[in-house]
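Chemist: Provided herewith is a single structure, encoded as structure tokens, for subsequent inquiry.
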Amino acid sequence: MTVVVIGFAVAGFLSPANRGGLMTAALLLFTAMGFWNGYAVARVARMFANQDWKKITTKAAIGMPGIAFAVFFVLNLLVWEQRSAGAAPFATLLQICALWFLVSTPLTFLGSYFGHKKTPPEQPVRTNKIPRQVPRQKWFLNRYFTAPVAGVLPFAAVFIELFFILSSMWHHQVYYVFGILSVVFLLLILTCAEVAILVCYFHLCAEDYRWWWRSFFTGGACAVYVFLYSAWYFFANLEISKLVPSIMYFVYMGLLSFGFFVATGTVGFVACFFFVRVIYGSVKID
């Protein structure tokens, strides 16, 4: 979805002068991508021999949209209580719910159905049914150390552009440089993938085969620095003194950072998935 939205913006289909156009396009594309969401979830579940595809699909259809809608609804109640004209009307909330439950959720289950029916990818090597004991790891391979350190490089690739994005959001400035944003986005993907693969390789060399969740958290660790940077931006560049606007800022930035975490974590997982398949697929067993 992010790639398509940025591509449309670079091609000039989304005018920066129309401030609501970008968000509307992102919302509609997110709804339409429900099919591929369910398809990918079902394929990964089949690969890890998880047959409860209905439960997993329900979590995929409700998880992230549910969190985003709950946060938006609570903050919208605060804006209503302040009698602000910026509050979203009740009809808009109903339209969002209709897109969610009547379009996105059915598409997610449809994609999950086709993904579950398809044959799972063949593993490059056979694995033991009894998990092997993982040796004691050195301190610098601890996940509480590797993830924060690995998150620095992806954040370093985007923090300059992040300043202009925050200025566009909170200072009501028009954002025009979508070409530079696409380059930064590409650098972010490459950096997350390379860092996750490097950390995964170090753990495999240390005979720690539990790469899946570690690769996800390694790729998504940069989201913590994004939230910390947004907190610095609040105190250094914004003159907000009232309680409700401050709550709205930090909650919205927390939600955006969480979405950033999920996106970059997925990049790390996918990169390590193909890396592990390639290196184990090259193993020759006589």
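Each chain in the structure tokens gets a letter, A, B, ..., in the order shown, and its residues are numbered from 1; ligands are numbered from 1 in order too.
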Name the residues in contact with Gly254 of chain A at a cut-off of 10 Å, using only C-alpha atoms, excluding same-chain residues fewer than 3 positions from it; report them as a compact mmCIF listing (two decimals) with N, CA, C and O atoms, in the first residue's frame.
Modeler:
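Dumped to around.txt:
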# COMPACT_ATOMS: atom_id res chain seq x y z
N ALA A 223 11.37 1.87 14.97
CA ALA A 223 10.16 2.61 15.30
C ALA A 223 10.25 3.26 16.68
O ALA A 223 9.63 4.31 16.92
N VAL A 224 11.02 2.67 17.58
CA VAL A 224 11.21 3.27 18.91
C VAL A 224 11.92 4.61 18.77
O VAL A 224 11.55 5.60 19.42
N VAL A 226 11.87 6.48 16.12
CA VAL A 226 10.94 7.40 15.47
C VAL A 226 10.05 8.07 16.50
O VAL A 226 9.82 9.29 16.46
N PHE A 227 9.54 7.29 17.46
CA PHE A 227 8.69 7.88 18.50
C PHE A 227 9.49 8.82 19.40
O PHE A 227 9.01 9.90 19.77
N LEU A 228 10.71 8.44 19.76
CA LEU A 228 11.55 9.32 20.58
C LEU A 228 11.86 10.62 19.83
O LEU A 228 11.89 11.71 20.43
N SER A 230 9.92 12.00 17.58
CA SER A 230 8.70 12.80 17.57
C SER A 230 8.49 13.49 18.91
O SER A 230 7.96 14.60 18.97
N ALA A 231 8.91 12.84 20.02
CA ALA A 231 8.83 13.50 21.33
C ALA A 231 9.77 14.69 21.39
O ALA A 231 9.41 15.76 21.92
N MET A 248 -3.34 14.23 22.07
CA MET A 248 -3.58 13.85 20.68
C MET A 248 -2.27 13.68 19.92
O MET A 248 -2.11 12.73 19.14
N TYR A 249 -1.32 14.57 20.15
CA TYR A 249 -0.03 14.48 19.45
C TYR A 249 0.67 13.17 19.77
O TYR A 249 1.06 12.41 18.87
N PHE A 250 0.84 12.88 21.06
CA PHE A 250 1.61 11.70 21.44
C PHE A 250 0.88 10.41 21.10
O PHE A 250 1.51 9.41 20.73
N VAL A 251 -0.44 10.39 21.20
CA VAL A 251 -1.17 9.17 20.86
C VAL A 251 -1.12 8.92 19.36
O VAL A 251 -0.89 7.78 18.91
N SER A 257 4.01 5.37 14.91
CA SER A 257 5.23 4.61 15.21
C SER A 257 4.94 3.11 15.25
O SER A 257 5.76 2.30 14.81
N PHE A 258 3.75 2.75 15.77
CA PHE A 258 3.38 1.34 15.78
C PHE A 258 3.20 0.80 14.35
O PHE A 258 3.64 -0.31 14.04
N GLY A 259 2.56 1.58 13.50
CA GLY A 259 2.45 1.19 12.10
C GLY A 259 3.81 1.08 11.42
O GLY A 259 4.06 0.17 10.62
N PHE A 260 4.71 2.01 11.77
CA PHE A 260 6.08 1.97 11.26
C PHE A 260 6.77 0.70 11.75
O PHE A 260 7.52 0.05 10.98
Chemist: Which residue gives the smallest distance to Met33 of chain A among A:Thr92, A:Thr105, A:Gln51, A:Gln82, with only C-alpha atoms counted?
Modeler: A:Thr105
Chemist: So that each row is one residue of segment 79-186 of chain A with an atom at most 10 Å from segment 41-47 of chain A, can you give its shortest atom pair and the distance in Å to one decimal, using only C-alpha atoms, rows by chain and rising number, as JSON lines?
Modeler:
{"residue": "A:Thr108", "atom": "CA", "partner": "A:Val41", "partner_atom": "CA", "distance": 9.2}
{"residue": "A:Phe109", "atom": "CA", "partner": "A:Ala42", "partner_atom": "CA", "distance": 9.4}
{"residue": "A:Gly111", "atom": "CA", "partner": "A:Ala42", "partner_atom": "CA", "distance": 8.0}
{"residue": "A:Ser112", "atom": "CA", "partner": "A:Ala42", "partner_atom": "CA", "distance": 5.1}
{"residue": "A:Tyr113", "atom": "CA", "partner": "A:Ala42", "partner_atom": "CA", "distance": 7.5}
{"residue": "A:Phe114", "atom": "CA", "partner": "A:Ala42", "partner_atom": "CA", "distance": 8.2}
{"residue": "A:Gly115", "atom": "CA", "partner": "A:Ala42", "partner_atom": "CA", "distance": 5.1}
{"residue": "A:His116", "atom": "CA", "partner": "A:Ala42", "partner_atom": "CA", "distance": 5.1}
{"residue": "A:Lys117", "atom": "CA", "partner": "A:Ala42", "partner_atom": "CA", "distance": 8.8}
{"residue": "A:Lys118", "atom": "CA", "partner": "A:Arg43", "partner_atom": "CA", "distance": 7.8}
{"residue": "A:Thr119", "atom": "CA", "partner": "A:Arg46", "partner_atom": "CA", "distance": 8.3}
{"residue": "A:Pro120", "atom": "CA", "partner": "A:Met47", "partner_atom": "CA", "distance": 5.5}
{"residue": "A:Pro121", "atom": "CA", "partner": "A:Met47", "partner_atom": "CA", "distance": 6.5}
{"residue": "A:Glu122", "atom": "CA", "partner": "A:Met47", "partner_atom": "CA", "distance": 8.2}
{"residue": "A:Gln123", "atom": "CA", "partner": "A:Met47", "partner_atom": "CA", "distance": 8.4}
Chemist: Using the selection just defined, write its residues with all heavy atoms as a CSV table (one decimal), in the first residue's frame.
Modeler:
chain,number,residue,atom,x,y,z
A,108,THR,N,-10.2,-9.9,3.1
A,108,THR,CA,-9.1,-10.6,3.9
A,108,THR,C,-9.4,-12.1,4.0
A,108,THR,O,-8.5,-12.9,3.8
A,108,THR,CB,-9.0,-10.0,5.3
A,108,THR,OG1,-8.7,-8.6,5.2
A,108,THR,CG2,-7.8,-10.7,6.1
A,109,PHE,N,-10.7,-12.4,4.3
A,109,PHE,CA,-11.1,-13.8,4.4
A,109,PHE,C,-11.0,-14.5,3.0
A,109,PHE,O,-10.6,-15.7,2.9
A,109,PHE,CB,-12.4,-14.0,5.0
A,109,PHE,CG,-12.4,-14.0,6.5
A,109,PHE,CD1,-12.6,-12.8,7.2
A,109,PHE,CD2,-12.3,-15.2,7.2
A,109,PHE,CE1,-12.6,-12.8,8.6
A,109,PHE,CE2,-12.3,-15.2,8.5
A,109,PHE,CZ,-12.4,-14.0,9.3
A,111,GLY,N,-8.9,-13.7,0.5
A,111,GLY,CA,-7.5,-13.9,0.2
A,111,GLY,C,-7.0,-15.1,1.0
A,111,GLY,O,-6.1,-15.9,0.6
A,112,SER,N,-7.4,-15.1,2.3
A,112,SER,CA,-6.9,-16.2,3.2
A,112,SER,C,-7.4,-17.6,2.7
A,112,SER,O,-6.7,-18.6,2.8
A,112,SER,CB,-7.4,-16.0,4.6
A,112,SER,OG,-7.0,-17.0,5.5
A,113,TYR,N,-8.6,-17.6,2.1
A,113,TYR,CA,-9.1,-18.9,1.6
A,113,TYR,C,-8.3,-19.4,0.5
A,113,TYR,O,-7.9,-20.6,0.4
A,113,TYR,CB,-10.6,-18.7,1.2
A,113,TYR,CG,-11.2,-19.9,0.5
A,113,TYR,CD1,-11.6,-21.0,1.2
A,113,TYR,CD2,-11.2,-19.9,-0.9
A,113,TYR,CE1,-12.1,-22.1,0.6
A,113,TYR,CE2,-11.8,-21.1,-1.6
A,113,TYR,CZ,-12.2,-22.1,-0.8
A,113,TYR,OH,-12.7,-23.2,-1.5
A,114,PHE,N,-7.9,-18.5,-0.5
A,114,PHE,CA,-7.1,-18.9,-1.6
A,114,PHE,C,-5.7,-19.3,-1.2
A,114,PHE,O,-5.1,-20.2,-1.7
A,114,PHE,CB,-7.1,-17.8,-2.7
A,114,PHE,CG,-8.4,-17.8,-3.5
A,114,PHE,CD1,-9.3,-16.8,-3.3
A,114,PHE,CD2,-8.6,-18.7,-4.5
A,114,PHE,CE1,-10.5,-16.7,-4.0
A,114,PHE,CE2,-9.8,-18.7,-5.2
A,114,PHE,CZ,-10.7,-17.7,-5.0
A,115,GLY,N,-5.2,-18.5,-0.2
A,115,GLY,CA,-3.8,-18.8,0.3
A,115,GLY,C,-3.7,-20.1,1.0
A,115,GLY,O,-2.7,-20.8,0.9
A,116,HIS,N,-4.8,-20.4,1.8
A,116,HIS,CA,-4.8,-21.7,2.5
A,116,HIS,C,-4.9,-22.9,1.6
A,116,HIS,O,-4.4,-24.0,1.8
A,116,HIS,CB,-5.9,-21.7,3.5
A,116,HIS,CG,-6.0,-22.9,4.4
A,116,HIS,ND1,-5.1,-23.1,5.4
A,116,HIS,CD2,-6.8,-24.0,4.4
A,116,HIS,CE1,-5.4,-24.3,6.0
A,116,HIS,NE2,-6.4,-24.8,5.4
A,117,LYS,N,-5.6,-22.7,0.5
A,117,LYS,CA,-5.8,-23.8,-0.5
A,117,LYS,C,-4.6,-24.1,-1.3
A,117,LYS,O,-4.4,-25.2,-1.8
A,117,LYS,CB,-7.0,-23.5,-1.4
A,117,LYS,CG,-8.4,-23.5,-0.8
A,117,LYS,CD,-8.7,-24.9,-0.2
A,117,LYS,CE,-10.1,-24.9,0.4
A,117,LYS,NZ,-10.4,-26.3,1.0
A,118,LYS,N,-3.7,-23.1,-1.4
A,118,LYS,CA,-2.5,-23.3,-2.2
A,118,LYS,C,-1.5,-24.1,-1.5
A,118,LYS,O,-1.4,-24.0,-0.2
A,118,LYS,CB,-1.9,-21.9,-2.6
A,118,LYS,CG,-0.9,-22.0,-3.7
A,118,LYS,CD,-0.5,-20.6,-4.2
A,118,LYS,CE,0.5,-20.7,-5.4
A,118,LYS,NZ,0.9,-19.4,-5.9
A,119,THR,N,-0.7,-24.9,-2.2
A,119,THR,CA,0.3,-25.7,-1.6
A,119,THR,C,1.4,-24.9,-0.9
A,119,THR,O,1.9,-23.9,-1.5
A,119,THR,CB,1.0,-26.6,-2.6
A,119,THR,OG1,-0.1,-27.4,-3.3
A,119,THR,CG2,2.0,-27.6,-2.0
A,120,PRO,N,1.7,-25.1,0.3
A,120,PRO,CA,2.8,-24.3,1.0
A,120,PRO,C,4.1,-24.5,0.3
A,120,PRO,O,4.4,-25.5,-0.3
A,120,PRO,CB,2.8,-24.8,2.4
A,120,PRO,CG,2.2,-26.2,2.3
A,120,PRO,CD,1.2,-26.2,1.2
A,121,PRO,N,5.0,-23.5,0.5
A,121,PRO,CA,6.3,-23.6,-0.2
A,121,PRO,C,7.1,-24.7,0.4
A,121,PRO,O,7.1,-24.9,1.7
A,121,PRO,CB,6.9,-22.2,0.1
A,121,PRO,CG,6.2,-21.7,1.3
A,121,PRO,CD,4.8,-22.2,1.2
A,122,GLU,N,7.8,-25.4,-0.4
A,122,GLU,CA,8.6,-26.6,0.1
A,122,GLU,C,9.8,-26.1,0.8
A,122,GLU,O,10.5,-25.2,0.3
A,122,GLU,CB,9.0,-27.4,-1.1
A,122,GLU,CG,9.8,-28.7,-0.8
A,122,GLU,CD,10.1,-29.5,-2.0
A,122,GLU,OE1,9.7,-29.1,-3.1
A,122,GLU,OE2,10.8,-30.5,-1.8
A,123,GLN,N,10.1,-26.7,1.9
A,123,GLN,CA,11.3,-26.3,2.7
A,123,GLN,C,12.6,-26.8,2.1
A,123,GLN,O,12.6,-27.9,1.5
A,123,GLN,CB,11.2,-26.9,4.1
A,123,GLN,CG,9.9,-26.5,4.9
A,123,GLN,CD,9.8,-25.0,5.1
A,123,GLN,OE1,10.8,-24.2,5.0
A,123,GLN,NE2,8.6,-24.5,5.2
Chemist: Have a look at A:Tyr225, A:Phe275, A:Phe269, A:Phe72 and name the one nearest to Leu204 of chain A; count only C-alpha atoms.
Modeler: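 Ranked by minimum distance to Leu204 of chain A, first place goes to A:Phe275.
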Chemist: What separation in Å, quoted to one decimal, exists between atom CA of Lys242 of chain A and atom CA of Ala91 of chain A?
Modeler: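 Straight-line distance from atom CA of Lys242 of chain A to atom CA of Ala91 of chain A works out to 28.1 Å.
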Chemist: How many Å separate atom CA of Val125 of chain A from atom CA of Gly219 of chain A?
Modeler: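 Between atom CA of Val125 of chain A and atom CA of Gly219 of chain A the gap is 25.6 Å.
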Chemist: Between A:Ile197, A:Val134, A:Leu187, A:Ala147, which one has atoms that come closest to Tyr209 of chain A, using only C-alpha atoms?
Modeler: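 Of the candidates, the smallest distance to Tyr209 of chain A is held by A:Val134.
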Chemist: Give me the residues near Phe73 of chain A as an NGL selection string, where near means some atom within 12 Å (using only C-alpha atoms) and where sequence neighbours in that chain fewer than 2 positions away do not count.
Modeler: :A and (65-71 or 75-80 or 87-90 or 92-94 or 96-97 or 248 or 251-252)
Chemist: So how far away is atom CA of Phe48 of chain A from atom CA of Gly34 of chain A, in Å?
Modeler: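 Interatomic distance, atom CA of Gly34 of chain A to atom CA of Phe48 of chain A: 21.4 Å.
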Chemist: Could you pull the residues within 9 Å of Phe185 of chain A, counting only C-alpha atoms, minus those fewer than 3 positions along the same chain, as a list of chain:residue names?
Modeler: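 In the requested format, the answer is A:Val3, A:Ala157, A:Val158, A:Ile180, A:Leu181, A:Ser182, A:Leu188, A:Ile189, A:Leu190.
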Chemist: Restricted to all heavy atoms, what would the selected residues look like written as a tab-separated table (two decimals), in the first residue's frame?
Modeler:
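Below is the file again.tsv, written as the result:
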chain	number	residue	atom	x	y	z
A	3	VAL	N	3.93	1.60	-1.01
A	3	VAL	CA	4.62	1.73	-2.30
A	3	VAL	C	3.70	2.32	-3.35
A	3	VAL	O	4.09	3.21	-4.12
A	3	VAL	CB	5.16	0.35	-2.74
A	3	VAL	CG1	5.75	0.44	-4.14
A	3	VAL	CG2	6.19	-0.16	-1.76
A	157	ALA	N	18.70	6.57	8.34
A	157	ALA	CA	18.40	6.75	6.92
A	157	ALA	C	17.19	7.64	6.69
A	157	ALA	O	17.01	8.16	5.59
A	157	ALA	CB	18.18	5.39	6.25
A	158	VAL	N	16.35	7.84	7.72
A	158	VAL	CA	15.09	8.55	7.50
A	158	VAL	C	14.90	9.76	8.40
A	158	VAL	O	13.93	10.51	8.20
A	158	VAL	CB	13.88	7.61	7.71
A	158	VAL	CG1	13.95	6.41	6.78
A	158	VAL	CG2	13.79	7.13	9.16
A	180	ILE	N	12.06	12.64	-3.36
A	180	ILE	CA	13.05	12.36	-2.32
A	180	ILE	C	12.50	11.36	-1.31
A	180	ILE	O	13.22	10.49	-0.82
A	180	ILE	CB	13.46	13.68	-1.62
A	180	ILE	CG1	14.12	14.62	-2.64
A	180	ILE	CG2	14.40	13.42	-0.45
A	180	ILE	CD1	14.50	15.96	-2.07
A	181	LEU	N	11.20	11.48	-1.02
A	181	LEU	CA	10.58	10.53	-0.09
A	181	LEU	C	10.66	9.10	-0.61
A	181	LEU	O	10.89	8.17	0.17
A	181	LEU	CB	9.12	10.93	0.15
A	181	LEU	CG	8.32	10.01	1.09
A	181	LEU	CD1	8.92	10.01	2.49
A	181	LEU	CD2	6.86	10.44	1.14
A	182	SER	N	10.48	8.92	-1.91
A	182	SER	CA	10.57	7.57	-2.48
A	182	SER	C	11.99	7.01	-2.35
A	182	SER	O	12.16	5.82	-2.07
A	182	SER	CB	10.14	7.59	-3.94
A	182	SER	OG	11.01	8.41	-4.71
A	188	LEU	N	15.28	3.00	3.36
A	188	LEU	CA	14.78	2.40	4.60
A	188	LEU	C	14.57	0.90	4.44
A	188	LEU	O	14.96	0.10	5.31
A	188	LEU	CB	13.48	3.09	5.01
A	188	LEU	CG	12.73	2.48	6.20
A	188	LEU	CD1	13.56	2.62	7.47
A	188	LEU	CD2	11.37	3.13	6.36
A	189	ILE	N	13.95	0.50	3.33
A	189	ILE	CA	13.70	-0.93	3.10
A	189	ILE	C	15.02	-1.70	3.00
A	189	ILE	O	15.18	-2.76	3.62
A	189	ILE	CB	12.86	-1.11	1.82
A	189	ILE	CG1	11.45	-0.54	2.01
A	189	ILE	CG2	12.78	-2.59	1.43
A	189	ILE	CD1	10.59	-0.63	0.78
A	190	LEU	N	15.96	-1.15	2.24
A	190	LEU	CA	17.25	-1.84	2.08
A	190	LEU	C	18.00	-1.93	3.40
A	190	LEU	O	18.58	-2.98	3.72
A	190	LEU	CB	18.09	-1.11	1.02
A	190	LEU	CG	17.57	-1.16	-0.41
A	190	LEU	CD1	18.46	-0.32	-1.32
A	190	LEU	CD2	17.51	-2.59	-0.91
Chemist: Check segment 4-250 of chain A with DSSP on the backbone and list each residue it calls alpha helix (DSSP H), as a VMD selection string.
Modeler: chain A and resid 4 to 11 19 to 32 34 to 47 53 to 81 90 to 98 105 to 117 143 to 150 152 to 170 178 to 205 212 to 220 222 to 237 243 to 250
Chemist: Ranking A:Tyr39, A:Phe217, A:Tyr176, A:Trp139 by minimum distance to Val262 of chain A and counting only C-alpha atoms, which one comes first?
Modeler: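 Checking each of A:Tyr39, A:Phe217, A:Tyr176, A:Trp139 against Val262 of chain A, counting only C-alpha atoms, the winner is A:Phe217.
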Chemist: Just checking: using only C-alpha atoms, which residue out of A:Thr31, A:Gly220, A:Leu238, A:Trp213 ends up closest to His172 of chain A?
Modeler: A:Leu238
Chemist: I'd like to know which of A:Leu186, A:Phe273, A:Ser246, A:Gly151 is closest to Cys200 of chain A, using only C-alpha atoms.
Modeler: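 Nearest to Cys200 of chain A: A:Phe273.
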